[in-house]
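**Student:** Below are the structure tokens for one structure; questions will follow.
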Amino acid sequence: MKSRQTTYNRALEIVEDICIGCSHCMKVCPTEALRVSAGKAGIHADWCIDCGECYRVCPTRAIRVMDDDFKQIFNYKYRVLLVPSVFFAQFKDSIPRETIYNIIGELGFTEVCAVEQSVDTLVGEINEYLKTCEKPAISSFCPAVIRLIQVRFPSLVDNIMKLLPPIEITAQYYKRRFEQSGVDEGEYGIFYLTPCIAKIAAVKSPVGGYTSPITGVINMDFFFNKVYLAYKQRVPITTSIIINGELSSIGVLFPSTGGESSNINGRTLAIDGMKNVIDFLELLENEEIPDVDFLEIRACDESCAGGILSHRNRFLTAESLRKYSTKVPEAHNLIDEYKRTCSAVVHMDKIEPRSMVKYDKDIELAIKKMESARRLKTILPGIDCGACGAPSCEALAEDIVRDQANVNSCIFLRTIFEKRGEISLEDTIKIMEDIWGKERFDKSEE
Ligand code: SF4
Ligand code: SF4
């Protein structure tokens, strides 16, 4: 089954030849974006939030990250790599940062910059923003959380802070710097090294009416292996690289759980891990969380230390960040330059929900279909067995009203129809083959 819609850029794809249709991915998807049909999984692009939960559980590595080709960096004269602090925490603490920077230069970049340099300034902007915004404000740092709210908790979209995350402010700082020094747009490429796939999608399809100046996104797991191999092979350093790596302790810790909320005024909470996030957003939606000013919400356990493209164990990564934060100053030297860029670019527009697209782009029709799905759900067995190729009875009801499935797909209803003589055994077998693939049934007969 091919992906169904492509309104939004996605950062994952399923390689059909490798997929065995086991449905492990379908069972963990927090937005029910996956279905199994003809024995293969397929992602519904409009509902996928690029959290990577499916990628973590796929036993055959059939899910591929759609990152940018590393070789494209050589299309540019000036090649800047924006590096998040979790990247350095992938290496043993005994490997000097200077060595890692030099290898990055040897691999082709002309300048390297620590992404979280913009954080010191952003913290001040968030505290200003909190004085006038709707409470609680939800951090805009984690793109998977933003997308989760758009798809599953639309009533909370107005709580998402309308401020850009650190990577975009740092990228804007570089864009401005190149423009001011008269470098043509075609001559420079700004690349981001990502610990998670949600940031790939966020750069390509940003929210809040924003366009990112980031040229390409490099997979951190892939790049870590490249750098580590060069380190092990003691590749000689023959090129020089501009290093803009100074970070404050706030910047180093910002991508860790609590690293953002601990710098924000008022009552703040930090929530991480997809299950905790969903449980918490349900409480928030039901107005069971009063008097909170700011919520740091991150989709991965241990925040970016647990990103799916993070190579090292998440707890060791988080420990390494904590250790490094004690060795750096409280502010970095470029803070004034960032302040000027930040206040000029930091605001974004309102973020729109995506949930109604589930039924129809026409709102009136969407409401009618939603009502039909609700009625249909009451006649389905409600045990979410997944034998229909959808993750839950509710998801099957939605698929039926969208004409993407049939009531006969439900194994329980089909048994009733069979008993009444309304459907034959051959039809039943054909339906199961359509969902789970003919080969699976041939095998079981051997
Ligand atoms: S987890 Fe999903 S993508 Fe991976 S093999 Fe199973 S059905 Fe296919
Ligand atoms: S990335 Fe997340 S939302 Fe998208 S299909 Fe996988 S589990 Fe579902």
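Identifiers in this document derive from the order of the structure tokens: chains are assigned A, B, ..., residues are numbered from 1 separately in each chain, and ligands are numbered from 1 in order of occurrence.
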Please return as a ChimeraX atom specification the residues found within 9 Å of ligand 2, counting only C-alpha atoms and all ligand atoms.
**Tutor:** /A:10-13,25-34,42-45,47-56,63,144,147-148,197-198
**Student:** Go ahead and write the residues just picked, N, CA and C atoms, as a compact mmCIF listing (two decimals), in the first residue's frame.
**Tutor:**
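Wrote it out as part-v9.txt, contents follow:
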```txt
# COMPACT_ATOMS: atom_id res chain seq x y z
N ARG A 10 6.96 14.47 4.79
CA ARG A 10 7.21 13.48 5.82
C ARG A 10 8.68 13.14 5.85
N ALA A 11 9.13 12.57 6.97
CA ALA A 11 10.55 12.26 7.09
C ALA A 11 10.81 10.77 7.12
N LEU A 12 9.75 9.97 6.96
CA LEU A 12 9.91 8.51 6.96
C LEU A 12 9.17 7.93 5.77
N GLU A 13 9.69 6.80 5.26
CA GLU A 13 8.92 6.06 4.26
C GLU A 13 9.12 4.58 4.51
N CYS A 25 4.41 -1.59 13.83
CA CYS A 25 4.41 -0.12 13.69
C CYS A 25 2.99 0.44 13.93
N MET A 26 2.01 -0.25 13.35
CA MET A 26 0.62 0.22 13.45
C MET A 26 0.17 0.30 14.91
N LYS A 27 0.68 -0.66 15.72
CA LYS A 27 0.23 -0.72 17.12
C LYS A 27 0.80 0.39 17.99
N VAL A 28 1.93 0.99 17.58
CA VAL A 28 2.53 2.01 18.45
C VAL A 28 2.30 3.44 17.95
N CYS A 29 1.72 3.60 16.78
CA CYS A 29 1.59 4.96 16.23
C CYS A 29 0.60 5.80 17.05
N PRO A 30 1.04 6.92 17.60
CA PRO A 30 0.17 7.70 18.48
C PRO A 30 -0.95 8.45 17.77
N THR A 31 -0.88 8.53 16.44
CA THR A 31 -1.96 9.24 15.73
C THR A 31 -2.73 8.31 14.80
N GLU A 32 -2.52 7.01 14.94
CA GLU A 32 -3.19 6.01 14.10
C GLU A 32 -3.00 6.32 12.62
N ALA A 33 -1.77 6.66 12.26
CA ALA A 33 -1.47 7.04 10.87
C ALA A 33 -1.11 5.84 9.99
N LEU A 34 -1.02 4.65 10.60
CA LEU A 34 -0.59 3.48 9.82
C LEU A 34 -1.72 2.48 9.62
N GLY A 42 1.36 1.03 5.40
CA GLY A 42 1.36 2.29 4.66
C GLY A 42 1.10 3.44 5.63
N ILE A 43 1.76 4.57 5.38
CA ILE A 43 1.61 5.73 6.29
C ILE A 43 0.67 6.75 5.66
N HIS A 44 -0.29 7.22 6.44
CA HIS A 44 -1.14 8.32 5.98
C HIS A 44 -0.41 9.63 6.32
N ALA A 45 0.10 10.27 5.27
CA ALA A 45 1.01 11.40 5.48
C ALA A 45 0.41 12.54 6.31
N TRP A 47 -1.54 12.52 8.76
CA TRP A 47 -1.69 12.27 10.20
C TRP A 47 -0.37 11.95 10.87
N CYS A 48 0.63 11.66 10.07
CA CYS A 48 1.93 11.29 10.64
C CYS A 48 2.57 12.53 11.26
N ILE A 49 3.07 12.39 12.48
CA ILE A 49 3.68 13.54 13.15
C ILE A 49 5.21 13.38 13.22
N ASP A 50 5.72 12.36 12.53
CA ASP A 50 7.18 12.14 12.46
C ASP A 50 7.82 11.95 13.83
N CYS A 51 7.11 11.23 14.68
CA CYS A 51 7.66 10.98 16.02
C CYS A 51 8.70 9.87 16.00
N GLY A 52 8.62 8.97 15.01
CA GLY A 52 9.59 7.89 14.90
C GLY A 52 9.30 6.68 15.77
N GLU A 53 8.14 6.64 16.42
CA GLU A 53 7.82 5.48 17.26
C GLU A 53 7.79 4.21 16.42
N CYS A 54 7.28 4.30 15.18
CA CYS A 54 7.22 3.13 14.30
C CYS A 54 8.62 2.66 13.93
N TYR A 55 9.50 3.60 13.70
CA TYR A 55 10.89 3.30 13.31
C TYR A 55 11.59 2.51 14.41
N ARG A 56 11.29 2.90 15.66
CA ARG A 56 11.94 2.22 16.79
C ARG A 56 11.56 0.74 16.87
N ILE A 63 11.56 0.75 7.67
CA ILE A 63 11.20 2.17 7.69
C ILE A 63 12.47 2.99 7.51
N ALA A 144 7.64 17.26 17.00
CA ALA A 144 6.72 16.12 17.05
C ALA A 144 5.55 16.45 17.98
N ARG A 147 3.14 18.79 16.16
CA ARG A 147 2.31 18.04 15.21
C ARG A 147 1.29 17.15 15.91
N LEU A 148 1.70 16.60 17.05
CA LEU A 148 0.76 15.76 17.82
C LEU A 148 -0.45 16.61 18.25
N ILE A 197 13.79 12.67 13.62
CA ILE A 197 13.23 12.85 12.27
C ILE A 197 12.20 13.97 12.23
N ALA A 198 11.59 14.29 13.39
CA ALA A 198 10.56 15.34 13.38
C ALA A 198 11.17 16.66 12.92
```
**Student:** Go through the chains and note each residue within 7 Å of ligand 1, using only C-alpha atoms and all ligand atoms, then give the set as a PDB file with all heavy atoms, in the first residue's frame.
**Tutor:**
```pdb
ATOM      1  N   ILE A  14       8.131   3.809   4.066  1.00  0.00           N
ATOM      2  CA  ILE A  14       8.222   2.359   4.256  1.00  0.00           C
ATOM      3  C   ILE A  14       8.708   1.723   2.963  1.00  0.00           C
ATOM      4  O   ILE A  14       8.176   1.994   1.884  1.00  0.00           O
ATOM      5  CB  ILE A  14       6.860   1.796   4.682  1.00  0.00           C
ATOM      6  CG1 ILE A  14       6.521   2.347   6.084  1.00  0.00           C
ATOM      7  CG2 ILE A  14       6.875   0.259   4.707  1.00  0.00           C
ATOM      8  CD1 ILE A  14       5.162   2.031   6.584  1.00  0.00           C
ATOM      9  N   ILE A  18      10.817  -4.669   1.925  1.00  0.00           N
ATOM     10  CA  ILE A  18      11.376  -5.165   3.197  1.00  0.00           C
ATOM     11  C   ILE A  18      10.277  -5.370   4.241  1.00  0.00           C
ATOM     12  O   ILE A  18      10.403  -6.184   5.143  1.00  0.00           O
ATOM     13  CB  ILE A  18      12.455  -4.179   3.728  1.00  0.00           C
ATOM     14  CG1 ILE A  18      13.523  -3.938   2.657  1.00  0.00           C
ATOM     15  CG2 ILE A  18      13.118  -4.715   4.999  1.00  0.00           C
ATOM     16  CD1 ILE A  18      14.584  -2.930   3.043  1.00  0.00           C
ATOM     17  N   CYS A  19       9.176  -4.630   4.108  1.00  0.00           N
ATOM     18  CA  CYS A  19       8.079  -4.729   5.077  1.00  0.00           C
ATOM     19  C   CYS A  19       7.455  -6.131   5.031  1.00  0.00           C
ATOM     20  O   CYS A  19       7.153  -6.646   3.960  1.00  0.00           O
ATOM     21  CB  CYS A  19       7.021  -3.666   4.746  1.00  0.00           C
ATOM     22  SG  CYS A  19       5.546  -3.809   5.750  1.00  0.00           S
ATOM     23  N   ILE A  20       7.283  -6.729   6.206  1.00  0.00           N
ATOM     24  CA  ILE A  20       6.671  -8.074   6.269  1.00  0.00           C
ATOM     25  C   ILE A  20       5.218  -8.000   6.771  1.00  0.00           C
ATOM     26  O   ILE A  20       4.605  -9.010   7.078  1.00  0.00           O
ATOM     27  CB  ILE A  20       7.502  -9.022   7.170  1.00  0.00           C
ATOM     28  CG1 ILE A  20       7.713  -8.401   8.571  1.00  0.00           C
ATOM     29  CG2 ILE A  20       8.835  -9.379   6.515  1.00  0.00           C
ATOM     30  CD1 ILE A  20       8.272  -9.355   9.605  1.00  0.00           C
ATOM     31  N   GLY A  21       4.718  -6.780   6.911  1.00  0.00           N
ATOM     32  CA  GLY A  21       3.314  -6.614   7.321  1.00  0.00           C
ATOM     33  C   GLY A  21       3.012  -7.136   8.711  1.00  0.00           C
ATOM     34  O   GLY A  21       1.915  -7.620   8.989  1.00  0.00           O
ATOM     35  N   CYS A  22       3.960  -7.020   9.622  1.00  0.00           N
ATOM     36  CA  CYS A  22       3.776  -7.586  10.974  1.00  0.00           C
ATOM     37  C   CYS A  22       2.856  -6.721  11.844  1.00  0.00           C
ATOM     38  O   CYS A  22       2.384  -7.156  12.873  1.00  0.00           O
ATOM     39  CB  CYS A  22       5.134  -7.733  11.662  1.00  0.00           C
ATOM     40  SG  CYS A  22       5.950  -6.154  11.941  1.00  0.00           S
ATOM     41  N   SER A  23       2.671  -5.470  11.460  1.00  0.00           N
ATOM     42  CA  SER A  23       1.796  -4.493  12.130  1.00  0.00           C
ATOM     43  C   SER A  23       2.340  -3.964  13.460  1.00  0.00           C
ATOM     44  O   SER A  23       1.626  -3.289  14.184  1.00  0.00           O
ATOM     45  CB  SER A  23       0.358  -5.009  12.291  1.00  0.00           C
ATOM     46  OG  SER A  23       0.241  -5.876  13.381  1.00  0.00           O
ATOM     47  N   HIS A  24       3.597  -4.246  13.776  1.00  0.00           N
ATOM     48  CA  HIS A  24       4.176  -3.689  15.013  1.00  0.00           C
ATOM     49  C   HIS A  24       4.109  -2.154  14.989  1.00  0.00           C
ATOM     50  O   HIS A  24       3.825  -1.521  15.994  1.00  0.00           O
ATOM     51  CB  HIS A  24       5.647  -4.115  15.173  1.00  0.00           C
ATOM     52  CG  HIS A  24       5.818  -5.567  15.465  1.00  0.00           C
ATOM     53  ND1 HIS A  24       7.018  -6.134  15.782  1.00  0.00           N
ATOM     54  CD2 HIS A  24       4.923  -6.579  15.477  1.00  0.00           C
ATOM     55  CE1 HIS A  24       6.864  -7.433  15.985  1.00  0.00           C
ATOM     56  NE2 HIS A  24       5.587  -7.717  15.795  1.00  0.00           N
ATOM     57  N   CYS A  25       4.406  -1.590  13.831  1.00  0.00           N
ATOM     58  CA  CYS A  25       4.405  -0.123  13.694  1.00  0.00           C
ATOM     59  C   CYS A  25       2.995   0.438  13.930  1.00  0.00           C
ATOM     60  O   CYS A  25       2.821   1.437  14.626  1.00  0.00           O
ATOM     61  CB  CYS A  25       4.911   0.290  12.310  1.00  0.00           C
ATOM     62  SG  CYS A  25       4.035  -0.520  10.958  1.00  0.00           S
ATOM     63  N   MET A  26       2.006  -0.253  13.349  1.00  0.00           N
ATOM     64  CA  MET A  26       0.622   0.219  13.453  1.00  0.00           C
ATOM     65  C   MET A  26       0.169   0.296  14.914  1.00  0.00           C
ATOM     66  O   MET A  26      -0.560   1.195  15.305  1.00  0.00           O
ATOM     67  CB  MET A  26      -0.280  -0.747  12.677  1.00  0.00           C
ATOM     68  CG  MET A  26      -1.723  -0.357  12.611  1.00  0.00           C
ATOM     69  SD  MET A  26      -2.666  -1.543  11.640  1.00  0.00           S
ATOM     70  CE  MET A  26      -3.064  -2.777  12.872  1.00  0.00           C
ATOM     71  N   VAL A  36      -2.415  -1.571   7.531  1.00  0.00           N
ATOM     72  CA  VAL A  36      -1.818  -2.672   6.766  1.00  0.00           C
ATOM     73  C   VAL A  36      -2.807  -3.060   5.672  1.00  0.00           C
ATOM     74  O   VAL A  36      -4.002  -3.234   5.923  1.00  0.00           O
ATOM     75  CB  VAL A  36      -1.504  -3.890   7.663  1.00  0.00           C
ATOM     76  CG1 VAL A  36      -0.953  -5.044   6.818  1.00  0.00           C
ATOM     77  CG2 VAL A  36      -0.493  -3.517   8.739  1.00  0.00           C
ATOM     78  N   LYS A  40       1.277  -5.155   3.563  1.00  0.00           N
ATOM     79  CA  LYS A  40       2.320  -4.126   3.713  1.00  0.00           C
ATOM     80  C   LYS A  40       1.763  -2.959   4.519  1.00  0.00           C
ATOM     81  O   LYS A  40       0.577  -2.613   4.388  1.00  0.00           O
ATOM     82  CB  LYS A  40       2.761  -3.585   2.337  1.00  0.00           C
ATOM     83  CG  LYS A  40       3.232  -4.657   1.358  1.00  0.00           C
ATOM     84  CD  LYS A  40       4.578  -5.213   1.743  1.00  0.00           C
ATOM     85  CE  LYS A  40       4.977  -6.373   0.824  1.00  0.00           C
ATOM     86  NZ  LYS A  40       6.192  -7.051   1.274  1.00  0.00           N
ATOM     87  N   ALA A  41       2.644  -2.330   5.297  1.00  0.00           N
ATOM     88  CA  ALA A  41       2.204  -1.148   6.047  1.00  0.00           C
ATOM     89  C   ALA A  41       2.255   0.084   5.143  1.00  0.00           C
ATOM     90  O   ALA A  41       3.079   0.157   4.231  1.00  0.00           O
ATOM     91  CB  ALA A  41       3.116  -0.942   7.256  1.00  0.00           C
ATOM     92  N   CYS A  54       7.285   4.300  15.184  1.00  0.00           N
ATOM     93  CA  CYS A  54       7.216   3.130  14.303  1.00  0.00           C
ATOM     94  C   CYS A  54       8.623   2.661  13.929  1.00  0.00           C
ATOM     95  O   CYS A  54       8.905   1.467  13.874  1.00  0.00           O
ATOM     96  CB  CYS A  54       6.406   3.460  13.048  1.00  0.00           C
ATOM     97  SG  CYS A  54       6.985   4.933  12.178  1.00  0.00           S
ATOM     98  N   VAL A  57      10.304   0.395  16.492  1.00  0.00           N
ATOM     99  CA  VAL A  57       9.852  -0.987  16.726  1.00  0.00           C
ATOM    100  C   VAL A  57       9.920  -1.892  15.504  1.00  0.00           C
ATOM    101  O   VAL A  57       9.736  -3.103  15.641  1.00  0.00           O
ATOM    102  CB  VAL A  57       8.394  -1.024  17.277  1.00  0.00           C
ATOM    103  CG1 VAL A  57       8.289  -0.293  18.606  1.00  0.00           C
ATOM    104  CG2 VAL A  57       7.391  -0.474  16.255  1.00  0.00           C
ATOM    105  N   CYS A  58      10.176  -1.347  14.328  1.00  0.00           N
ATOM    106  CA  CYS A  58      10.148  -2.189  13.118  1.00  0.00           C
ATOM    107  C   CYS A  58      11.244  -3.262  13.188  1.00  0.00           C
ATOM    108  O   CYS A  58      12.426  -2.936  13.282  1.00  0.00           O
ATOM    109  CB  CYS A  58      10.328  -1.334  11.862  1.00  0.00           C
ATOM    110  SG  CYS A  58      10.368  -2.357  10.376  1.00  0.00           S
ATOM    111  N   PRO A  59      10.858  -4.546  13.141  1.00  0.00           N
ATOM    112  CA  PRO A  59      11.872  -5.601  13.299  1.00  0.00           C
ATOM    113  C   PRO A  59      12.731  -5.822  12.065  1.00  0.00           C
ATOM    114  O   PRO A  59      13.758  -6.492  12.147  1.00  0.00           O
ATOM    115  CB  PRO A  59      11.025  -6.848  13.601  1.00  0.00           C
ATOM    116  CG  PRO A  59       9.716  -6.582  12.950  1.00  0.00           C
ATOM    117  CD  PRO A  59       9.502  -5.094  13.007  1.00  0.00           C
ATOM    118  N   THR A  60      12.305  -5.300  10.910  1.00  0.00           N
ATOM    119  CA  THR A  60      13.055  -5.581   9.669  1.00  0.00           C
ATOM    120  C   THR A  60      13.750  -4.340   9.108  1.00  0.00           C
ATOM    121  O   THR A  60      14.291  -4.397   8.017  1.00  0.00           O
ATOM    122  CB  THR A  60      12.112  -6.149   8.585  1.00  0.00           C
ATOM    123  OG1 THR A  60      11.107  -5.158   8.312  1.00  0.00           O
ATOM    124  CG2 THR A  60      11.434  -7.440   9.025  1.00  0.00           C
ATOM    125  N   ARG A  61      13.715  -3.252   9.821  1.00  0.00           N
ATOM    126  CA  ARG A  61      14.271  -1.969   9.356  1.00  0.00           C
ATOM    127  C   ARG A  61      13.685  -1.568   7.991  1.00  0.00           C
ATOM    128  O   ARG A  61      14.387  -1.112   7.086  1.00  0.00           O
ATOM    129  CB  ARG A  61      15.799  -2.008   9.310  1.00  0.00           C
ATOM    130  CG  ARG A  61      16.421  -2.314  10.659  1.00  0.00           C
ATOM    131  CD  ARG A  61      17.900  -2.087  10.710  1.00  0.00           C
ATOM    132  NE  ARG A  61      18.278  -0.683  10.744  1.00  0.00           N
ATOM    133  CZ  ARG A  61      18.265   0.070  11.834  1.00  0.00           C
ATOM    134  NH1 ARG A  61      17.870  -0.431  12.981  1.00  0.00           N
ATOM    135  NH2 ARG A  61      18.622   1.324  11.785  1.00  0.00           N
ATOM    136  N   ALA A  62      12.358  -1.784   7.877  1.00  0.00           N
ATOM    137  CA  ALA A  62      11.681  -1.444   6.624  1.00  0.00           C
ATOM    138  C   ALA A  62      11.325   0.040   6.560  1.00  0.00           C
ATOM    139  O   ALA A  62      10.841   0.516   5.542  1.00  0.00           O
ATOM    140  CB  ALA A  62      10.408  -2.280   6.489  1.00  0.00           C
ATOM    141  N   ILE A  63      11.563   0.750   7.665  1.00  0.00           N
ATOM    142  CA  ILE A  63      11.195   2.168   7.687  1.00  0.00           C
ATOM    143  C   ILE A  63      12.473   2.985   7.508  1.00  0.00           C
ATOM    144  O   ILE A  63      13.449   2.824   8.243  1.00  0.00           O
ATOM    145  CB  ILE A  63      10.452   2.513   8.990  1.00  0.00           C
ATOM    146  CG1 ILE A  63       9.182   1.651   9.068  1.00  0.00           C
ATOM    147  CG2 ILE A  63      10.112   4.003   9.040  1.00  0.00           C
ATOM    148  CD1 ILE A  63       8.337   1.843  10.290  1.00  0.00           C
TER     149      ILE A  63
END
```
**Student:** Between A:Gly386, A:Val401, A:Met161, A:Phe412, which one has atoms that come closest to Ser37 in chain A, using only C-alpha atoms?
**Tutor:** A:Gly386
**Student:** What's the separation between CA of Asn244 in chain A and CA of Tyr174 in chain A, in Å to one decimal place?
**Tutor:**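 A separation of 11.1 Å between them.
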**Student:** Contacts of Glu285 in chain A at 9 Å or less, counting only C-alpha atoms, minus same-chain residues fewer than 4 places along, as a ChimeraX atom specification?
**Tutor:** /A:153,155-156,280-281,289
**Student:** Hey, can you check how far CA of Arg314 in chain A sits from CA of Ile160 in chain A?
**Tutor:**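 CA of Arg314 in chain A sits 26.3 Å away from CA of Ile160 in chain A.
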**Student:** Set the distance at 12 Å and use only C-alpha atoms: which residues neighbour Lys369 in chain A once local chain neighbours fewer than 3 positions away are removed? I'd like the list as a PDB file with N, CA and C atoms, in the first residue's frame.
**Tutor:**
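Output saved as result.pdb:
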```
ATOM      1  N   MET A 356      -9.276  18.112  11.322  1.00  0.00           N
ATOM      2  CA  MET A 356     -10.464  17.972  10.486  1.00  0.00           C
ATOM      3  C   MET A 356     -10.139  17.361   9.126  1.00  0.00           C
ATOM      4  N   VAL A 357      -8.878  17.540   8.693  1.00  0.00           N
ATOM      5  CA  VAL A 357      -8.473  16.972   7.403  1.00  0.00           C
ATOM      6  C   VAL A 357      -8.662  15.452   7.409  1.00  0.00           C
ATOM      7  N   LYS A 358      -8.728  14.881   8.619  1.00  0.00           N
ATOM      8  CA  LYS A 358      -8.936  13.442   8.753  1.00  0.00           C
ATOM      9  C   LYS A 358     -10.172  12.978   7.992  1.00  0.00           C
ATOM     10  N   TYR A 359     -11.200  13.809   7.983  1.00  0.00           N
ATOM     11  CA  TYR A 359     -12.457  13.404   7.340  1.00  0.00           C
ATOM     12  C   TYR A 359     -12.636  14.057   5.976  1.00  0.00           C
ATOM     13  N   ASP A 360     -12.501  15.373   5.938  1.00  0.00           N
ATOM     14  CA  ASP A 360     -12.694  16.089   4.684  1.00  0.00           C
ATOM     15  C   ASP A 360     -12.165  17.513   4.854  1.00  0.00           C
ATOM     16  N   LYS A 361     -11.705  18.098   3.764  1.00  0.00           N
ATOM     17  CA  LYS A 361     -11.206  19.479   3.875  1.00  0.00           C
ATOM     18  C   LYS A 361     -12.380  20.450   4.031  1.00  0.00           C
ATOM     19  N   ASP A 362     -13.541  20.048   3.528  1.00  0.00           N
ATOM     20  CA  ASP A 362     -14.755  20.848   3.694  1.00  0.00           C
ATOM     21  C   ASP A 362     -15.288  20.611   5.125  1.00  0.00           C
ATOM     22  N   ILE A 363     -15.334  21.665   5.919  1.00  0.00           N
ATOM     23  CA  ILE A 363     -15.647  21.509   7.344  1.00  0.00           C
ATOM     24  C   ILE A 363     -17.033  20.904   7.566  1.00  0.00           C
ATOM     25  N   GLU A 364     -18.044  21.364   6.783  1.00  0.00           N
ATOM     26  CA  GLU A 364     -19.411  20.839   6.978  1.00  0.00           C
ATOM     27  C   GLU A 364     -19.473  19.333   6.725  1.00  0.00           C
ATOM     28  N   LEU A 365     -18.814  18.940   5.615  1.00  0.00           N
ATOM     29  CA  LEU A 365     -18.770  17.524   5.254  1.00  0.00           C
ATOM     30  C   LEU A 365     -17.990  16.742   6.313  1.00  0.00           C
ATOM     31  N   ALA A 366     -16.936  17.348   6.796  1.00  0.00           N
ATOM     32  CA  ALA A 366     -16.099  16.684   7.820  1.00  0.00           C
ATOM     33  C   ALA A 366     -16.919  16.397   9.073  1.00  0.00           C
ATOM     34  N   SER A 372     -21.034  10.177  11.334  1.00  0.00           N
ATOM     35  CA  SER A 372     -21.263   8.811  10.814  1.00  0.00           C
ATOM     36  C   SER A 372     -20.258   7.854  11.428  1.00  0.00           C
ATOM     37  N   ALA A 373     -19.011   8.287  11.549  1.00  0.00           N
ATOM     38  CA  ALA A 373     -17.965   7.417  12.126  1.00  0.00           C
ATOM     39  C   ALA A 373     -18.305   7.095  13.580  1.00  0.00           C
ATOM     40  N   ARG A 374     -18.825   8.085  14.290  1.00  0.00           N
ATOM     41  CA  ARG A 374     -19.163   7.873  15.695  1.00  0.00           C
ATOM     42  C   ARG A 374     -20.268   6.806  15.821  1.00  0.00           C
ATOM     43  N   ARG A 375     -21.267   6.899  14.915  1.00  0.00           N
ATOM     44  CA  ARG A 375     -22.377   5.923  14.948  1.00  0.00           C
ATOM     45  C   ARG A 375     -21.868   4.529  14.586  1.00  0.00           C
ATOM     46  N   LEU A 376     -21.031   4.493  13.545  1.00  0.00           N
ATOM     47  CA  LEU A 376     -20.475   3.224  13.078  1.00  0.00           C
ATOM     48  C   LEU A 376     -19.671   2.533  14.177  1.00  0.00           C
ATOM     49  N   ALA A 397     -13.754   2.633  11.685  1.00  0.00           N
ATOM     50  CA  ALA A 397     -14.985   3.398  11.422  1.00  0.00           C
ATOM     51  C   ALA A 397     -14.656   4.647  10.587  1.00  0.00           C
ATOM     52  N   GLU A 398     -13.559   5.308  10.932  1.00  0.00           N
ATOM     53  CA  GLU A 398     -13.156   6.507  10.171  1.00  0.00           C
ATOM     54  C   GLU A 398     -12.793   6.138   8.730  1.00  0.00           C
ATOM     55  N   ASP A 399     -12.075   5.028   8.574  1.00  0.00           N
ATOM     56  CA  ASP A 399     -11.695   4.589   7.218  1.00  0.00           C
ATOM     57  C   ASP A 399     -12.935   4.278   6.385  1.00  0.00           C
ATOM     58  N   ILE A 400     -13.936   3.661   7.034  1.00  0.00           N
ATOM     59  CA  ILE A 400     -15.161   3.304   6.292  1.00  0.00           C
ATOM     60  C   ILE A 400     -15.864   4.567   5.781  1.00  0.00           C
ATOM     61  N   VAL A 401     -16.010   5.585   6.644  1.00  0.00           N
ATOM     62  CA  VAL A 401     -16.719   6.791   6.173  1.00  0.00           C
ATOM     63  C   VAL A 401     -15.889   7.556   5.137  1.00  0.00           C
ATOM     64  N   ARG A 402     -14.603   7.315   5.106  1.00  0.00           N
ATOM     65  CA  ARG A 402     -13.752   7.949   4.078  1.00  0.00           C
ATOM     66  C   ARG A 402     -13.641   7.086   2.819  1.00  0.00           C
ATOM     67  N   ASP A 403     -14.417   5.978   2.780  1.00  0.00           N
ATOM     68  CA  ASP A 403     -14.373   5.029   1.653  1.00  0.00           C
ATOM     69  C   ASP A 403     -13.012   4.383   1.481  1.00  0.00           C
TER      70      ASP A 403
END
```
**Student:** What's the separation between CA of Asp158 in chain A and CA of Gly258 in chain A, in Å to one decimal place?
**Tutor:**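 If I compute the distance from CA of Asp158 in chain A to CA of Gly258 in chain A, I get 22.5 Å.
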**Student:** Nearest to Thr170 in chain A among A:Ile308, A:Leu81, A:Leu229, A:Ile73, with distances taken over only C-alpha atoms: which residue is it?
**Tutor:**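 Answer, going by the shortest atom-to-atom distance: A:Leu81.
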**Student:** Just list the residues in range 89-120 of chain A DSSP gives helix (DSSP H, G or I) on the backbone, as a PyMOL selection string.
**Tutor:** chain A and resi 97-106+115-120
**Student:** Quick one: everything within 12 Å of Val252 in chain A, counting only C-alpha atoms, minus sequence neighbours fewer than 3 positions away in the same chain. Send it as number ranges by chain.
**Tutor:** A: 83-89, 114-120, 166, 245-249, 255-260, 304-305, 317-332
**Student:** Just want the 10 Å neighbourhood of range 176-182 of chain A, counted on only C-alpha atoms, with same-chain residues fewer than 5 positions away dropped. Output as a short mmCIF file (atom, residue, chain, number, x, y, z; two decimals) with N, CA, C and O atoms, in the first residue's frame.
**Tutor:**
```cif
data_model
loop_
_atom_site.label_atom_id
_atom_site.label_comp_id
_atom_site.auth_asym_id
_atom_site.auth_seq_id
_atom_site.Cartn_x
_atom_site.Cartn_y
_atom_site.Cartn_z
N TYR A 78 30.34 28.06 0.80
CA TYR A 78 30.40 28.16 2.27
C TYR A 78 29.43 27.13 2.84
O TYR A 78 28.23 27.17 2.54
N THR A 170 19.24 30.29 15.16
CA THR A 170 20.66 30.19 14.79
C THR A 170 20.80 30.21 13.26
O THR A 170 21.71 30.87 12.72
N ALA A 171 19.91 29.52 12.56
CA ALA A 171 19.98 29.53 11.10
C ALA A 171 19.74 30.94 10.55
O ALA A 171 20.42 31.39 9.62
N GLU A 187 25.59 30.73 -2.82
CA GLU A 187 26.97 30.37 -2.44
C GLU A 187 27.06 29.71 -1.07
O GLU A 187 28.05 29.09 -0.75
N TYR A 188 26.04 29.90 -0.24
CA TYR A 188 26.13 29.30 1.10
C TYR A 188 25.03 28.27 1.36
O TYR A 188 23.90 28.41 0.89
N GLU A 337 25.01 39.84 19.52
CA GLU A 337 24.69 39.67 18.09
C GLU A 337 23.41 38.84 17.93
O GLU A 337 22.57 39.11 17.08
N THR A 341 19.47 39.56 16.13
CA THR A 341 18.79 38.68 15.16
C THR A 341 17.50 38.16 15.76
O THR A 341 16.45 38.17 15.13
#
```
